[in-house]
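**Student:** Mind looking over this structure? Questions follow.
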Amino acid sequence: MRRMKIIAMLLVLVMAVGFIASCDKPKETTNTSNNDNTASNNDNSAGAPADPTASSGSSGSTGTGALPGGKNIYEDPIKISVISISTAGIVNRMYQMALNDQAVRYPNVILDYKDAEYDPSKQVTLIEEAITQKYDCIILECMDPVGVNEAIDKAEAAGIPVISTNAAEPFTVHSLHVAGADYSSGWKGGEELVKLAGNEGTAVVLDCPASFKPGARMGTGFEDYITQNTNIRLIEQIPIENWDAAVAQTSMRDVLTKYGPGEITMVYCSSGDIANGAMNAIDAAGRADEGILIWGFMGYPMELEAIRDGRMAGTMFSDTYTQYAALFYIALNHIATGLTSITGGYTATPAIEQPMFPVTKDNVDDVMAFSGWYMTKSMNGK
Amino acid sequence: MASKTIRRMISIGLLLIMVIIFSISSDVFLNFGNIANLLKDSAYLGLIAIGMAFVIIGGGVDLSAGGMACLVGILCVRMSTMGLNGFLIVLAGVILGMLCGFINALFVTRVKLTEFVATLALGFVYSGLTLIFAFRDDRGTITSVAIPKWSSLRAFAGNVGGIFYITIVWIVVAVIAYIVLTRTTFGLHTYSIGSHAKSAQMSGVNNDRIKMLGYIICGACVGLAVVLQASLLGSSPLNIGSGYEFQAIAACVVGGVVLGGGKGDPISALVGALFFKTLMNGLYKFGLATSWEYILQGGIIVVATVFDAVFNRATSKRLLARAQ
Amino acid sequence: MEDRTDKTYEGAGGAENGNQNDTVNTEANDGVFLEAKGIYKQFSGVTVLEDADFSVNCGEVHALMGENGAGKSTLIKIITGVYTKDAGELYVEGKSVEIHNRQDARNLGIQVIYQELSLIPALTVTENIFLGAETAKHGWMDKKAMRERVQSLIEHYGFDLDPDAVVDTMGMAKRQMAEILKALAFKAKLIIMDEPTSSLSAAESEKLFETIDGLRNRGAGILYISHRLDEVYRLSDRLTVMRDGKIVGVLKKGEIDPHTVTTMMIGRDVAGDEDKGATKRYEDHWLEVKNLSYSHMLKDVNFTAYGGEILGIGGLVGSGRTELIRCIYGAAKRSGGTIMLDGKPVSRSIRRNIRNGFGYVPEDRHAEGLVPLLNVEKNITIASYDKLSSASLVNRRKEIAWADKAIKDYDIRPPMRTLAAGSLSGGNQQKTILGRWLSRDLRLLLLDEPTVGVDVGVKMDLYRLLREFADNGAIVVMVSSDLAELVYLSDRVLVMRDGRFFEEFTRGNITQESLLLAASGVHTEEGMSL
């Protein structure tokens, strides 16, 4: 019995030694965990109200010719890791559709969709995984803008461009941040909604998850507009974790119990799922005919239909499909030219912000006609 | 050969087989960087699993581990912004964890709620408290704050020769936990209340006290785990702990800690956590779709539980037959 | 709760002391170890013990018998400190004592071993013995010292135990020995055993008796509670009989005989209660089993049983009796052979068999018979929903009436159908299970150890019921290890051995001895070889 215990322990020891001994010498990497990428990293001052303009800081590139380290995007096998917060959800399906449609034309390009299952530690693991497996590009929907910094630094240093999309923007300098112009769209949404609602009343804001930079939030844009330019009173501002419709519904329900009929004029929702949750809450509370104006964000099919049916006042439409389709080519471009924040010598992350336009009852039919949502019937069941 | 040893050898054997298969089929698996990363990734879950093992062996369960982690994490980040020394912060994290564990135990032993209910509810409470302590900007909206670069807490994210501190801490804690559980009266009492609480009480074991200690130790492990992980990440996102209680339970179960109590040990928990993480790490190399991860994880838990049930029954039968 | 982890118990530690206190000084106090005088105890106005005078000597085996509710367990609990007496005096070794808790009892040398052993399955024998009193310094256990101590104890008492064996892996007999060793390790001078043979085979019981004899010879006092008169007869130096909270009498070794004891226990003469045997055999209703085989337990079983008769199945534990019953009922899937009822093959599905009028009272009522969390009513009606419901809706009135009738007919006490069945005494639980089946019109009733844990008075009632049942035409097949029961009730007995029938006995020629011999493989002249 004793002997067996010793043997077991020895086995463990052998395994541990085996791990270490049979491995290669640690590759020197230019980064250690103390790789300080200049000051802009983690000052979390509130972002400036205006949008950063596109493509700042590509000062190091020579403009045209291929930079060293590029690949042949038509022939070389190319792997792109697409790391999302969670692969559930309608927006995610949209990305995948958009990206896959483009990738069809490039049979040498493989898109790997990874699910971080709402776990920020897992996102870090997945990024490191992509580095280990020598992916050519990482497209990241970031949950925790701080936690991923080191991993992103490593990736960039290893020549893998990291393009962050849509969600939080990682603080560290990386190749590109692509998002909707959230703040300004929020502002614009405020303008439009006030046109419909009049200059009086109260507003409830169901905002993005708590971890977002205020400067990147549509909810903040909306709030700024109405507090600076109107008489509308902001009565509630609630961050909705993970943009989850169920969370939104519960929060809206709580708001409804707090305020009686007529006390809520408008509800600003930071995403279509959130708008959905808010609408359900209002229906469930039996207050659908109070005329509470609901304004959404993103322009999901559900929102468009709700606008057409008059249940929602409007939304800001973001052409996710086009955005991601374009993103595919941007990624390929980075890969082809070997462009990363390092080779490009960036001091700040360039950002592309896709402006959105308001959709109301007036133009919803046109929008539904051309929007990418309805490109495949199977997506919305019609 | 004692069945405990056989079980352990099976766990380790499977792990080794996995390692071998992955090493052969992928050229990027068995390299220093990947293994070091793997061990680093496993340590967070691994440390929590060790704490969980104490509670499970004592016949209970701690569903608040995730919430605890979130709370302690955010508090530690706060401390780091206030300029406290890194060692102190780690110590504080452990103590805060122990405090939460103590609260858990109070509800289980004094208020006499069932463990499942008590820890589940308290988990929510801790998560809620996390929001209260979260950083907010001038308008009051919650925002994410990093551990300052100058804070000495950052130093705990380092490594020696490529092996991360958190990994070393994990292994050391596992060994200490093992020694405590097998060589002290506290350990023996923990096994006894997990195996047959009534009989233990009749023999003079103070069930409540042992349970309380178990929960406090679990809290300490969770606190330690999250402080080190936050140090690694550079921040403590509000959901840093979400779901980890279940992952920890799964790791324990796969490693051989039986949910009813009385069987298993911290090394099993370590092996279990390592097993999961190694499996995932290896499978990533195959580019497996994420949906398969869920299926596999669930499948492994089912297989491990069934295996344990069959194995224990077979062992009992074999030995009983021999005894006749 | 005191912290005992740093104490070294004189009994548990100090191997260097040897076992000097082994032989209790029988000269002191005339050899009387424990004496209770005038013990009185009541619970919420109900007197459970009244004016009880009781004593146990050193170096004697003192048996305690009485029906359930007679006050045996209350007396024991007072002696061991679980309850406090309301009035009366206790003397240990001549000195007046107060026993307020288990620790006090332990300190006086009084230990109890219950039916449900108090060992921790996941721990080893050594760990179990030392649990709560470990040899440890500031929490760090000295495993070597503990193991050595246990090993020396094992050798001293000559038990066949492995100190490192995990209790989980040990059979019942060994577990019991470990439990006894635990008591001895703490220098018990009086060991109280409550129904110790209930989970032991005959061979294991015999070993236990030898152990008890050995302990007695070394001067320990053993207080032995049992329902089994044959054991009491074999072991005891004295026997105390209780009834209704009072001590009825104390018999010395030579005075113990079944008749006297039973009369004392029940309070009336049961001599007249004799089973008359089958009144008539129903030739048109029969159960026929041919070449039945199952797993490795049943090899080639053949028999026929007729309506109107009670067929007893005897044999040692492990001979296959339980498996036979289960195969007939459908609880075990037979591997070969045929079973026919009235010429038609018997189904393998329990549900169908129930519908066809089968009833089954299993051996382990806890695991398979009673549903302890459900109330008495549901436990009775649970098998009869075909009669009590229509279109899946249960007729509550019918159900209640059904249950009440059964409670009345079988004298289930307390007669509250809403009580959780798990809170009834063993005998009443058994009556409930029987009530479940007897209230139906059964054609075949299968019983496995039907009166285990049931006291004498109730047993008689049950025998009467079963006989009535058979008289009404049913076939009753009864497996039993209670030889007296087989002798009393059966019209025929088939003794099983190694998976097949060995010998057959008919009423008038059935004796306990011949049954036992047949079970052990010896043919006798009373029986017919098969």
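By convention here, the chains of the structure tokens are called A, B, ... in the order presented, each chain's residues are numbered starting at 1, and ligands are numbered starting at 1 in the order presented.
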For chain A, work out the contacting residues on chain B at 6 Å, counting only C-alpha atoms, and write them as a ChimeraX atom specification.
**Tutor:** /B:1,31-32,142-144,146,233-235,290
**Student:** Once you count only C-alpha atoms, which residues of chain C turn out to be within 10 Å of chain B? Could you give them as a count of residues only?
**Tutor:** 44
**Student:** If you run DSSP on the backbone here, which positions in segment 49-231 of chain C get strand (DSSP E or B)? Please write them as a ChimeraX atom specification.
**Tutor:** /C:49-57,61-66,87-92,95-97,110-113,124,136-137,140-141,166,190-194,221-225
**Student:** Which residues in segment 64-306 of chain B does DSSP call alpha helix (DSSP H)? List them as a PyMOL selection string.
**Tutor:** chain B and resi 65-81+86-109+115-133+165-183+185-195+197-202+207-233+244-255+266-285+290-306
